[in-house]
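Printed here is my_file22.pdb (PDB, C-alpha atoms):
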ATOM      1  CA  MET F   1      84.187  91.429 159.529
ATOM      2  CA  GLY F   2      87.745  91.731 158.270
ATOM      3  CA  ASP F   3      86.435  92.181 154.745
ATOM      4  CA  ALA F   4      84.140  94.965 155.896
ATOM      5  CA  ILE F   5      87.058  96.783 157.498
ATOM      6  CA  HIS F   6      89.135  96.333 154.356
ATOM      7  CA  ASP F   7      86.253  97.558 152.233
ATOM      8  CA  GLU F   8      85.514 100.598 154.335
ATOM      9  CA  SER F   9      89.100 101.634 154.705
ATOM     10  CA  TRP F  10      89.855 101.815 150.999
ATOM     11  CA  LYS F  11      86.632 103.709 150.497
ATOM     12  CA  SER F  12      87.488 106.271 153.129
ATOM     13  CA  TRP F  13      90.953 106.635 151.667
ATOM     14  CA  PHE F  14      89.522 107.140 148.233
ATOM     15  CA  GLN F  15      86.981 109.604 149.571
ATOM     16  CA  LEU F  16      89.840 111.650 150.968
ATOM     17  CA  TYR F  17      92.400 111.366 148.192
ATOM     18  CA  GLY F  18      90.360 110.496 145.086
ATOM     19  CA  PRO F  19      89.391 114.041 143.972
ATOM     20  CA  LYS F  20      92.924 115.349 144.517
ATOM     21  CA  LEU F  21      94.426 112.427 142.632
ATOM     22  CA  LEU F  22      92.038 112.918 139.747
ATOM     23  CA  LEU F  23      93.019 116.571 139.479
ATOM     24  CA  CYS F  24      96.707 115.615 139.514
ATOM     25  CA  ALA F  25      96.113 112.912 136.904
ATOM     26  CA  ARG F  26      94.364 115.417 134.667
ATOM     27  CA  GLN F  27      97.617 117.351 134.425
ATOM     28  CA  TRP F  28      99.209 114.407 132.663
ATOM     29  CA  THR F  29      96.392 112.954 130.588
ATOM     30  CA  ARG F  30      94.301 114.075 127.666
ATOM     31  CA  SER F  31      90.802 113.596 129.042
ATOM     32  CA  VAL F  32      88.900 112.966 132.252
ATOM     33  CA  ALA F  33      88.276 109.383 131.138
ATOM     34  CA  ASP F  34      92.008 108.792 130.722
ATOM     35  CA  ALA F  35      92.650 110.455 134.084
ATOM     36  CA  GLU F  36      90.136 108.136 135.758
ATOM     37  CA  ASP F  37      91.803 105.099 134.195
ATOM     38  CA  VAL F  38      95.132 106.319 135.514
ATOM     39  CA  VAL F  39      93.739 106.964 139.001
ATOM     40  CA  GLN F  40      92.139 103.521 139.066
ATOM     41  CA  GLU F  41      95.362 101.731 138.180
ATOM     42  CA  ALA F  42      97.490 103.882 140.478
ATOM     43  CA  PHE F  43      95.155 103.582 143.439
ATOM     44  CA  VAL F  44      94.828  99.814 143.117
ATOM     45  CA  ARG F  45      98.598  99.479 142.816
ATOM     46  CA  PHE F  46      99.098 101.703 145.853
ATOM     47  CA  TRP F  47      96.475  99.943 147.906
ATOM     48  CA  ARG F  48      97.800  96.482 147.187
ATOM     49  CA  HIS F  49     101.527  97.051 147.303
ATOM     50  CA  GLN F  50     102.544 100.461 148.642
ATOM     51  CA  ARG F  51     100.114 101.261 151.432
ATOM     52  CA  GLN F  52     102.476  99.925 154.089
ATOM     53  CA  LEU F  53     105.455 101.911 152.836
ATOM     54  CA  PRO F  54     106.763 104.676 155.067
ATOM     55  CA  GLY F  55     106.199 108.242 153.964
ATOM     56  CA  GLU F  56     103.250 110.493 153.315
ATOM     57  CA  PRO F  57     100.444 108.649 151.534
ATOM     58  CA  MET F  58      99.613 111.578 149.269
ATOM     59  CA  ALA F  59     103.185 111.844 148.006
ATOM     60  CA  LEU F  60     103.259 108.082 147.358
ATOM     61  CA  LEU F  61      99.909 108.240 145.619
ATOM     62  CA  VAL F  62     100.983 111.143 143.419
ATOM     63  CA  THR F  63     104.146 109.242 142.501
ATOM     64  CA  SER F  64     102.019 106.242 141.610
ATOM     65  CA  VAL F  65      99.643 108.386 139.542
ATOM     66  CA  ARG F  66     102.462 110.050 137.651
ATOM     67  CA  ARG F  67     104.161 106.738 136.848
ATOM     68  CA  VAL F  68     100.933 105.183 135.645
ATOM     69  CA  ALA F  69     100.194 108.301 133.582
ATOM     70  CA  ILE F  70     103.602 108.032 131.911
ATOM     71  CA  ASP F  71     103.032 104.323 131.197
ATOM     72  CA  PHE F  72      99.544 105.108 129.960
ATOM     73  CA  ALA F  73     100.821 107.778 127.596
ATOM     74  CA  ARG F  74     103.456 105.374 126.261
ATOM     75  CA  ARG F  75     100.860 102.692 125.732
ATOM     76  CA  GLU F  76      98.502 104.964 123.833
ATOM     77  CA  THR F  77     100.724 106.044 121.000
ATOM     78  CA  ARG F  78     104.343 106.485 121.808
ATOM     79  CA  ARG F  79     105.314 109.659 120.071
ATOM     80  CA  ALA F  80     102.023 111.535 120.036
ATOM     81  CA  ALA F  81     101.210 110.590 123.584
ATOM     82  CA  ARG F  82     104.557 111.810 124.822
ATOM     83  CA  GLU F  83     103.879 115.184 123.245
ATOM     84  CA  ASP F  84     100.472 115.265 124.887
ATOM     85  CA  PHE F  85     101.983 114.237 128.182
ATOM     86  CA  SER F  86     104.505 117.054 128.165
ATOM     87  CA  ALA F  87     101.848 119.482 126.989
ATOM     88  CA  GLY F  88      99.703 118.692 130.037
ATOM     89  CA  GLY F  89      95.969 118.118 130.308
ATOM     90  CA  ILE F  90      92.713 119.648 131.591
ATOM     91  CA  GLU F  91      92.131 121.194 128.172
ATOM     92  CA  ASP F  92      88.800 119.408 127.998
ATOM     93  CA  ASN F  93      85.754 121.234 129.303
ATOM     94  CA  ALA F  94      84.871 118.940 132.186
ATOM     95  CA  PRO F  95      84.719 120.883 135.466
ATOM     96  CA  VAL F  96      87.933 120.895 137.428
ATOM     97  CA  PHE F  97      86.355 121.837 140.747
ATOM     98  CA  GLN F  98      83.162 121.029 142.579
ATOM     99  CA  THR F  99      80.430 123.389 141.506
ATOM    100  CA  SER F 100      78.332 125.381 143.924
ATOM    101  CA  LEU F 101      75.670 127.941 143.295
ATOM    102  CA  GLU F 102      77.424 130.551 145.379
ATOM    103  CA  GLY F 103      80.463 132.062 143.689
ATOM    104  CA  ASP F 104      80.161 129.849 140.651
ATOM    105  CA  ASP F 105      81.225 132.620 138.281
ATOM    106  CA  ARG F 106      84.428 133.064 140.210
ATOM    107  CA  ARG F 107      85.099 129.312 140.138
ATOM    108  CA  ALA F 108      84.526 129.260 136.386
ATOM    109  CA  ALA F 109      86.893 132.221 135.963
ATOM    110  CA  ILE F 110      89.568 130.448 137.997
ATOM    111  CA  GLU F 111      89.153 127.261 135.953
ATOM    112  CA  THR F 112      89.493 129.221 132.725
ATOM    113  CA  ALA F 113      92.550 131.031 134.040
ATOM    114  CA  LEU F 114      94.051 127.743 135.172
ATOM    115  CA  ARG F 115      93.676 126.313 131.670
ATOM    116  CA  GLN F 116      95.591 129.292 130.281
ATOM    117  CA  LEU F 117      98.641 128.611 132.419
ATOM    118  CA  PRO F 118     101.737 127.011 130.882
ATOM    119  CA  PRO F 119     101.608 123.266 131.713
ATOM    120  CA  ASP F 120     104.842 123.251 133.724
ATOM    121  CA  GLN F 121     103.546 126.048 135.964
ATOM    122  CA  ARG F 122     100.080 124.564 136.255
ATOM    123  CA  GLU F 123     101.290 121.133 137.357
ATOM    124  CA  VAL F 124     103.389 122.704 140.127
ATOM    125  CA  LEU F 125     100.424 124.803 141.234
ATOM    126  CA  VAL F 126      98.109 121.796 141.304
ATOM    127  CA  LEU F 127     100.590 119.619 143.176
ATOM    128  CA  LYS F 128     101.210 122.381 145.724
ATOM    129  CA  ILE F 129      97.663 123.605 146.348
ATOM    130  CA  TRP F 130      95.529 120.499 145.923
ATOM    131  CA  GLY F 131      98.163 117.778 146.130
ATOM    132  CA  GLU F 132      99.435 119.453 149.311
ATOM    133  CA  LEU F 133     103.017 118.500 148.505
ATOM    134  CA  THR F 134     106.048 120.463 149.630
ATOM    135  CA  PHE F 135     108.375 122.039 147.064
ATOM    136  CA  GLU F 136     110.887 119.304 147.838
ATOM    137  CA  GLN F 137     108.320 116.611 147.092
ATOM    138  CA  ILE F 138     107.212 118.411 143.933
ATOM    139  CA  GLY F 139     110.835 118.691 142.845
ATOM    140  CA  ALA F 140     111.302 114.973 143.374
ATOM    141  CA  GLN F 141     108.137 114.188 141.408
ATOM    142  CA  LEU F 142     108.973 116.379 138.448
ATOM    143  CA  GLU F 143     112.740 115.893 138.589
ATOM    144  CA  ILE F 144     113.422 119.580 139.109
ATOM    145  CA  SER F 145     115.023 121.407 142.008
ATOM    146  CA  PRO F 146     112.828 122.630 144.875
ATOM    147  CA  ASN F 147     113.854 126.195 143.987
ATOM    148  CA  THR F 148     112.641 125.731 140.422
ATOM    149  CA  ALA F 149     109.388 124.313 141.745
ATOM    150  CA  ALA F 150     108.986 127.304 144.061
ATOM    151  CA  SER F 151     109.670 129.825 141.312
ATOM    152  CA  ARG F 152     107.266 128.069 138.915
ATOM    153  CA  TYR F 153     104.666 128.246 141.668
ATOM    154  CA  ARG F 154     105.142 131.975 142.127
ATOM    155  CA  TYR F 155     105.004 132.535 138.366
ATOM    156  CA  ALA F 156     101.828 130.471 138.207
ATOM    157  CA  LEU F 157     100.137 132.475 140.952
ATOM    158  CA  GLY F 158     101.207 135.731 139.310
ATOM    159  CA  ALA F 159      99.958 134.619 135.904
ATOM    160  CA  LEU F 160      96.708 133.410 137.420
ATOM    161  CA  ARG F 161      96.138 136.746 139.145
ATOM    162  CA  LYS F 162      96.846 138.561 135.883
ATOM    163  CA  GLU F 163      94.366 136.359 133.998
ATOM    164  CA  LEU F 164      91.696 136.869 136.659
ATOM    165  CA  ILE F 165      92.146 140.657 136.669
ATOM    166  CA  SER F 166      91.956 140.665 132.897
ATOM    167  CA  ALA F 167      88.798 138.528 133.020
ATOM    168  CA  ASP F 168      87.255 140.925 135.592
ATOM    169  CA  CYS F 169      88.010 143.903 133.358
ATOM    170  CA  HIS F 170      86.454 142.248 130.311
ATOM    171  CA  GLY F 171      83.686 140.454 132.093
TER     172      GLY F 171
ATOM    173  CA  MET T   1     104.909 136.731 148.235
ATOM    174  CA  ASP T   2     102.636 139.760 148.519
ATOM    175  CA  ASP T   3      99.270 139.855 150.293
ATOM    176  CA  GLU T   4      97.310 139.698 147.078
ATOM    177  CA  LEU T   5      98.998 136.465 146.040
ATOM    178  CA  GLN T   6      98.464 135.024 149.498
ATOM    179  CA  GLN T   7      94.767 135.848 149.240
ATOM    180  CA  LEU T   8      94.610 134.173 145.868
ATOM    181  CA  GLU T   9      96.428 131.145 147.291
ATOM    182  CA  ALA T  10      93.896 130.925 150.125
ATOM    183  CA  GLU T  11      91.045 131.244 147.653
ATOM    184  CA  LEU T  12      92.447 128.416 145.542
ATOM    185  CA  LYS T  13      92.820 126.200 148.602
ATOM    186  CA  ARG T  14      89.130 126.644 149.338
ATOM    187  CA  LEU T  15      88.185 125.169 145.959
ATOM    188  CA  ARG T  16      87.465 121.440 146.136
ATOM    189  CA  PRO T  17      88.607 119.312 143.184
ATOM    190  CA  ALA T  18      85.760 117.617 141.345
ATOM    191  CA  ALA T  19      85.015 114.117 142.625
ATOM    192  CA  PRO T  20      85.724 111.074 140.443
ATOM    193  CA  SER T  21      82.728 109.530 138.712
ATOM    194  CA  ALA T  22      80.588 106.821 140.283
ATOM    195  CA  ALA T  23      81.760 104.481 137.510
ATOM    196  CA  LEU T  24      85.349 104.766 138.744
ATOM    197  CA  ARG T  25      84.238 103.871 142.258
ATOM    198  CA  VAL T  26      82.424 100.815 140.927
ATOM    199  CA  ARG T  27      85.530  99.755 138.992
ATOM    200  CA  LEU T  28      87.650 100.166 142.103
ATOM    201  CA  GLU T  29      85.164  98.179 144.108
ATOM    202  CA  SER T  30      85.484  95.329 141.648
ATOM    203  CA  ASP T  31      89.296  95.563 141.640
ATOM    204  CA  LEU T  32      89.658  95.732 145.403
ATOM    205  CA  ALA T  33      86.921  93.314 146.338
ATOM    206  CA  PRO T  34      88.107  90.444 148.553
ATOM    207  CA  ALA T  35      88.611  87.172 146.687
ATOM    208  CA  SER T  36      85.270  85.525 145.913
ATOM    209  CA  PRO T  37      84.658  81.878 144.977
ATOM    210  CA  VAL T  38      84.159  82.969 141.359
ATOM    211  CA  ARG T  39      87.455  84.818 141.403
ATOM    212  CA  ALA T  40      89.159  81.845 143.053
ATOM    213  CA  GLN T  41      87.872  79.638 140.264
ATOM    214  CA  ARG T  42      89.144  82.158 137.698
ATOM    215  CA  ASP T  43      92.531  82.167 139.416
ATOM    216  CA  GLU T  44      92.504  78.388 139.332
ATOM    217  CA  GLU T  45      91.873  78.441 135.598
ATOM    218  CA  HIS T  46      94.616  80.995 135.227
ATOM    219  CA  GLY T  47      96.894  78.716 137.199
ATOM    220  CA  VAL T  48      96.173  75.859 134.811
ATOM    221  CA  MET T  49      96.978  78.106 131.899
ATOM    222  CA  ARG T  50     100.200  79.209 133.591
ATOM    223  CA  ARG T  51     101.212  75.590 134.129
ATOM    224  CA  SER T  52     100.612  74.830 130.468
ATOM    225  CA  TRP T  53     102.787  77.802 129.570
ATOM    226  CA  LEU T  54     105.490  76.317 131.736
ATOM    227  CA  TRP T  55     105.303  73.181 129.667
ATOM    228  CA  VAL T  56     105.730  75.292 126.567
ATOM    229  CA  GLY T  57     108.567  77.187 128.235
ATOM    230  CA  ALA T  58     110.440  73.966 128.894
ATOM    231  CA  LEU T  59     110.805  73.290 125.179
ATOM    232  CA  PRO T  60     113.306  76.096 124.454
ATOM    233  CA  VAL T  61     115.369  74.930 127.435
ATOM    234  CA  ALA T  62     115.423  71.417 126.047
ATOM    235  CA  ALA T  63     116.338  72.775 122.617
ATOM    236  CA  ALA T  64     119.186  74.790 124.125
ATOM    237  CA  LEU T  65     120.445  71.650 125.853
ATOM    238  CA  ILE T  66     120.427  69.742 122.570
ATOM    239  CA  VAL T  67     122.391  72.476 120.816
ATOM    240  CA  LEU T  68     124.960  72.569 123.605
ATOM    241  CA  VAL T  69     125.321  68.805 123.620
ATOM    242  CA  VAL T  70     125.797  68.704 119.857
ATOM    243  CA  ILE T  71     128.396  71.474 119.995
ATOM    244  CA  LEU T  72     130.309  69.737 122.748
ATOM    245  CA  THR T  73     130.170  66.431 120.914
ATOM    246  CA  ARG T  74     131.504  68.010 117.738
ATOM    247  CA  ARG T  75     134.416  69.428 119.636
ATOM    248  CA  GLY T  76     135.343  65.883 120.512
ATOM    249  CA  SER T  77     134.533  66.121 124.138
ATOM    250  CA  ALA T  78     134.222  62.552 125.338
ATOM    251  CA  VAL T  79     132.444  63.485 128.522
ATOM    252  CA  LEU T  80     129.011  64.951 128.143
ATOM    253  CA  PRO T  81     128.378  67.321 131.026
ATOM    254  CA  VAL T  82     124.664  66.957 130.790
ATOM    255  CA  THR T  83     124.210  66.689 134.514
ATOM    256  CA  ALA T  84     126.230  69.820 135.105
ATOM    257  CA  LEU T  85     124.245  71.625 132.473
ATOM    258  CA  THR T  86     121.003  70.499 133.986
ATOM    259  CA  THR T  87     122.113  71.592 137.401
ATOM    260  CA  ALA T  88     123.129  74.970 136.046
ATOM    261  CA  VAL T  89     119.805  75.431 134.334
ATOM    262  CA  SER T  90     117.904  74.287 137.396
ATOM    263  CA  SER T  91     119.826  76.568 139.697
ATOM    264  CA  ARG T  92     119.262  79.472 137.353
ATOM    265  CA  TRP T  93     115.552  78.750 137.423
ATOM    266  CA  GLU T  94     115.660  78.596 141.158
ATOM    267  CA  SER T  95     117.478  81.905 141.439
ATOM    268  CA  THR T  96     115.207  83.785 139.051
ATOM    269  CA  ALA T  97     111.848  82.199 139.573
ATOM    270  CA  ALA T  98     111.738  81.827 143.328
ATOM    271  CA  PRO T  99     110.236  84.724 145.249
ATOM    272  CA  LYS T 100     113.239  84.805 147.550
ATOM    273  CA  GLU T 101     112.062  87.268 150.170
ATOM    274  CA  VAL T 102     109.291  85.022 151.378
ATOM    275  CA  PHE T 103     109.681  81.542 149.971
ATOM    276  CA  LYS T 104     112.819  79.460 150.245
ATOM    277  CA  PRO T 105     113.538  76.390 148.128
ATOM    278  CA  VAL T 106     113.327  73.322 150.346
ATOM    279  CA  ALA T 107     113.258  70.413 147.925
ATOM    280  CA  ALA T 108     114.094  69.573 144.351
ATOM    281  CA  GLU T 109     113.653  66.259 142.658
ATOM    282  CA  ASN T 110     114.173  64.974 139.151
ATOM    283  CA  VAL T 111     112.136  61.935 138.176
ATOM    284  CA  LEU T 112     113.188  60.019 135.086
ATOM    285  CA  CYS T 113     109.939  59.044 133.401
ATOM    286  CA  ALA T 114     110.993  57.537 130.118
ATOM    287  CA  VAL T 115     114.051  56.619 128.119
ATOM    288  CA  SER T 116     113.993  55.939 124.426
ATOM    289  CA  ASP T 117     116.741  55.045 122.073
ATOM    290  CA  ASP T 118     116.547  56.810 118.731
ATOM    291  CA  GLY T 119     119.205  54.526 117.361
ATOM    292  CA  LEU T 120     122.255  55.431 115.385
ATOM    293  CA  VAL T 121     122.551  58.837 113.826
ATOM    294  CA  THR T 122     125.202  60.324 111.615
ATOM    295  CA  LEU T 123     126.589  63.624 112.754
ATOM    296  CA  ASP T 124     127.524  66.412 110.355
ATOM    297  CA  ASP T 125     131.170  65.427 110.397
ATOM    298  CA  GLY T 126     130.274  61.912 109.279
ATOM    299  CA  THR T 127     130.862  60.148 112.573
ATOM    300  CA  ALA T 128     128.270  57.819 113.991
ATOM    301  CA  ALA T 129     126.600  58.347 117.312
ATOM    302  CA  ARG T 130     123.752  56.931 119.319
ATOM    303  CA  ARG T 131     120.922  59.273 120.273
ATOM    304  CA  GLU T 132     119.063  58.701 123.524
ATOM    305  CA  ARG T 133     116.042  60.647 124.645
ATOM    306  CA  LEU T 134     115.355  60.961 128.390
ATOM    307  CA  SER T 135     112.171  62.499 129.764
ATOM    308  CA  TYR T 136     112.258  63.946 133.273
ATOM    309  CA  VAL T 137     109.796  65.684 135.498
ATOM    310  CA  ASP T 138     111.509  68.224 137.743
ATOM    311  CA  THR T 139     109.707  69.315 140.874
ATOM    312  CA  ILE T 140     110.917  72.217 142.977
ATOM    313  CA  THR T 141     109.265  73.097 146.272
ATOM    314  CA  TRP T 142     109.486  76.445 148.050
ATOM    315  CA  ARG T 143     108.246  77.075 151.546
ATOM    316  CA  ASP T 144     107.526  80.221 153.520
ATOM    317  CA  PRO T 145     108.978  79.474 156.979
ATOM    318  CA  HIS T 146     106.694  82.037 158.614
ATOM    319  CA  THR T 147     103.361  80.755 157.383
ATOM    320  CA  ASN T 148     104.421  77.261 156.315
ATOM    321  CA  ALA T 149     102.749  77.878 152.972
ATOM    322  CA  SER T 150     104.408  76.033 150.140
ATOM    323  CA  VAL T 151     104.596  76.366 146.388
ATOM    324  CA  ARG T 152     105.427  73.409 144.196
ATOM    325  CA  TRP T 153     106.559  73.899 140.634
ATOM    326  CA  THR T 154     106.546  70.917 138.333
ATOM    327  CA  VAL T 155     108.033  71.211 134.903
ATOM    328  CA  PRO T 156     108.843  68.601 132.264
ATOM    329  CA  ARG T 157     112.315  68.372 130.830
ATOM    330  CA  GLU T 158     113.593  66.388 127.921
ATOM    331  CA  GLU T 159     117.240  65.538 127.658
ATOM    332  CA  ILE T 160     118.856  64.249 124.505
ATOM    333  CA  ARG T 161     122.187  62.523 124.772
ATOM    334  CA  ILE T 162     124.449  62.002 121.812
ATOM    335  CA  VAL T 163     126.872  59.226 122.628
ATOM    336  CA  PRO T 164     129.752  58.704 120.206
ATOM    337  CA  VAL T 165     129.927  55.168 118.890
ATOM    338  CA  LYS T 166     133.113  53.364 118.004
ATOM    339  CA  PHE T 167     133.060  50.372 115.693
ATOM    340  CA  GLN T 168     135.911  47.986 116.341
TER     341      GLN T 168
END
Translate the structure described by the file into structure tokens.
Amino acid sequence: MGDAIHDESWKSWFQLYGPKLLLCARQWTRSVADAEDVVQEAFVRFWRHQRQLPGEPMALLVTSVRRVAIDFARRETRRAAREDFSAGGIEDNAPVFQTSLEGDDRRAAIETALRQLPPDQREVLVLKIWGELTFEQIGAQLEISPNTAASRYRYALGALRKELISADCHG
Amino acid sequence: MDDELQQLEAELKRLRPAAPSAALRVRLESDLAPASPVRAQRDEEHGVMRRSWLWVGALPVAAALIVLVVILTRRGSAVLPVTALTTAVSSRWESTAAPKEVFKPVAAENVLCAVSDDGLVTLDDGTAARRERLSYVDTITWRDPHTNASVRWTVPREEIRIVPVKFQ
């Protein structure tokens, strides 16, 4: 009985947070496979040791994901991986968002535009929109001030709009 | 932020991030599964391996003791503070190895298992000394006062005493 509760609760947590965590992890890894490895390690670590900590679970989970991603990058190849880490991810062609028949062209356009964003703007955008973190929490994650996080977010939205308009004109 | 950006923001929020693969879920299931008999057996084997590593880990400590004893003997120290050294080493082990938040050390015992006399040896400075080899088994017990669970750590220790010899 207890085991069933344990089992179901981690599953429901992962159902809720898993997709968001994967998207966050993809900002800091080179491929979806790497991102999944990072999410696995971070989620297990969180579930075993950090679940009882006070604070918002998503912020704790994102912290865990980022730390594991940094460790992962260091493990891979120290110098090259660090460059990749700072350069950000989601350059691979795996879909970033759930696909649906309706409005799929628009989703594809947004994904393409998102890939064009500078990594430091994109990670703030992802953490804000899909990670649902505040600018203060994003600042703490990325070791920047909340104001810098907010301005990167505005730049990211502006650049995204520009890319989408440009895609509409050409498309 | 203008209306257009707010609309874009709302549009982005409606997009759902892609779900992790089924393989990741399976891996998580295996990681977070409650302990099974097979896993318990694996842990047991791991425990045996860890204990054997402890035996290996005791060797450098014994070596360090020998070096210290030799140095002290060379300096002409008549008293060999082996006991003090041992206590210091033991207390350091206790302070670093014990998971202090939960478990508290409740007992420590040193059992002398064997003594052997290596006979007379000549030190580097030409003086004669007798070398004795003492084998101990140290057992330290920690207990969690809340659950009454206890952890016992048994580690071998070898002590070598160099006793200066005077011929009259």
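Coordinates place atom CA of Val32 of chain F at a distance of 17.1 Å from atom CA of Arg75 of chain F.
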Protein and nucleic acid residues near (107.6, 119.4, 142.5) (cut-off 12 Å, only C-alpha atoms) as a PyMOL selection string: chain F and resi 24+59+62-63+66+120-129+131-153
For chain T, report every residue with an atom at most 7 Å from chain F (counting all atoms listed in the file), formatted as a ChimeraX atom specification. /T:5,13,15-20,24,28,32,34
Rounded to one decimal, what separation in Å do you get between atom CA of Leu123 of chain T and atom CA of Lys166 of chain T? 13.2 Å
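With all atoms listed in the file taken into account, the protein and nucleic acid residues at most 10 Å from Ala108 of chain T (excluding it and anything under 6 positions from it in its own chain) are Ser90, Glu94, Asp138, Thr139, Ile140, Thr141, Trp142, Arg152, Trp153 and Thr154 of chain T.
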Which distance in Å separates atom CA of His49 of chain F and atom CA of Phe72 of chain F, to one decimal? 19.2 Å
What do you get, as a ChimeraX atom specification, if you spell out every residue that the PyMOL selection byres ((chain T and resi 136) around 6) selects here? /T:111-113,135,137,156-157
Set the distance at 12 Å and use only C-alpha atoms: which residues neighbour Lys162 of chain F once local chain neighbours fewer than 4 positions away are removed? I'd like the list as a compact mmCIF listing (two decimals) with C-alpha atoms, in the coordinates of the input.
# COMPACT_ATOMS: atom_id res chain seq x y z
CA ALA F 109 86.89 132.22 135.96
CA ILE F 110 89.57 130.45 138.00
CA ALA F 113 92.55 131.03 134.04
CA LEU F 114 94.05 127.74 135.17
CA GLN F 116 95.59 129.29 130.28
CA LEU F 117 98.64 128.61 132.42
CA TYR F 155 105.00 132.54 138.37
CA ALA F 156 101.83 130.47 138.21
CA LEU F 157 100.14 132.48 140.95
CA GLY F 158 101.21 135.73 139.31
CA SER F 166 91.96 140.66 132.90
CA ALA F 167 88.80 138.53 133.02
CA ASP F 168 87.26 140.93 135.59
CA CYS F 169 88.01 143.90 133.36
CA GLU T 4 97.31 139.70 147.08
CA LEU T 5 99.00 136.46 146.04
CA LEU T 8 94.61 134.17 145.87
As a PyMOL selection string, please: the residues near Arg131 of chain T (cut-off 6 Å, all atoms listed in the file, same-chain neighbours under 6 positions excluded). chain T and resi 118-119+161-162
Those same residues - C-alpha atoms - I'd like them written as a PDB file, keeping the file's coordinate frame.
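The new file part_31.pdb reads:
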ATOM      1  CA  ASP T 118     116.547  56.810 118.731  1.00  0.00           C
ATOM      2  CA  GLY T 119     119.205  54.526 117.361  1.00  0.00           C
ATOM      3  CA  ARG T 161     122.187  62.523 124.772  1.00  0.00           C
ATOM      4  CA  ILE T 162     124.449  62.002 121.812  1.00  0.00           C
TER       5      ILE T 162
END
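Shortest atom-to-atom contact with Pro118 of chain F among F:Thr29, F:Ile70, F:Glu76, F:Ala159: F:Ala159, counting only C-alpha atoms.
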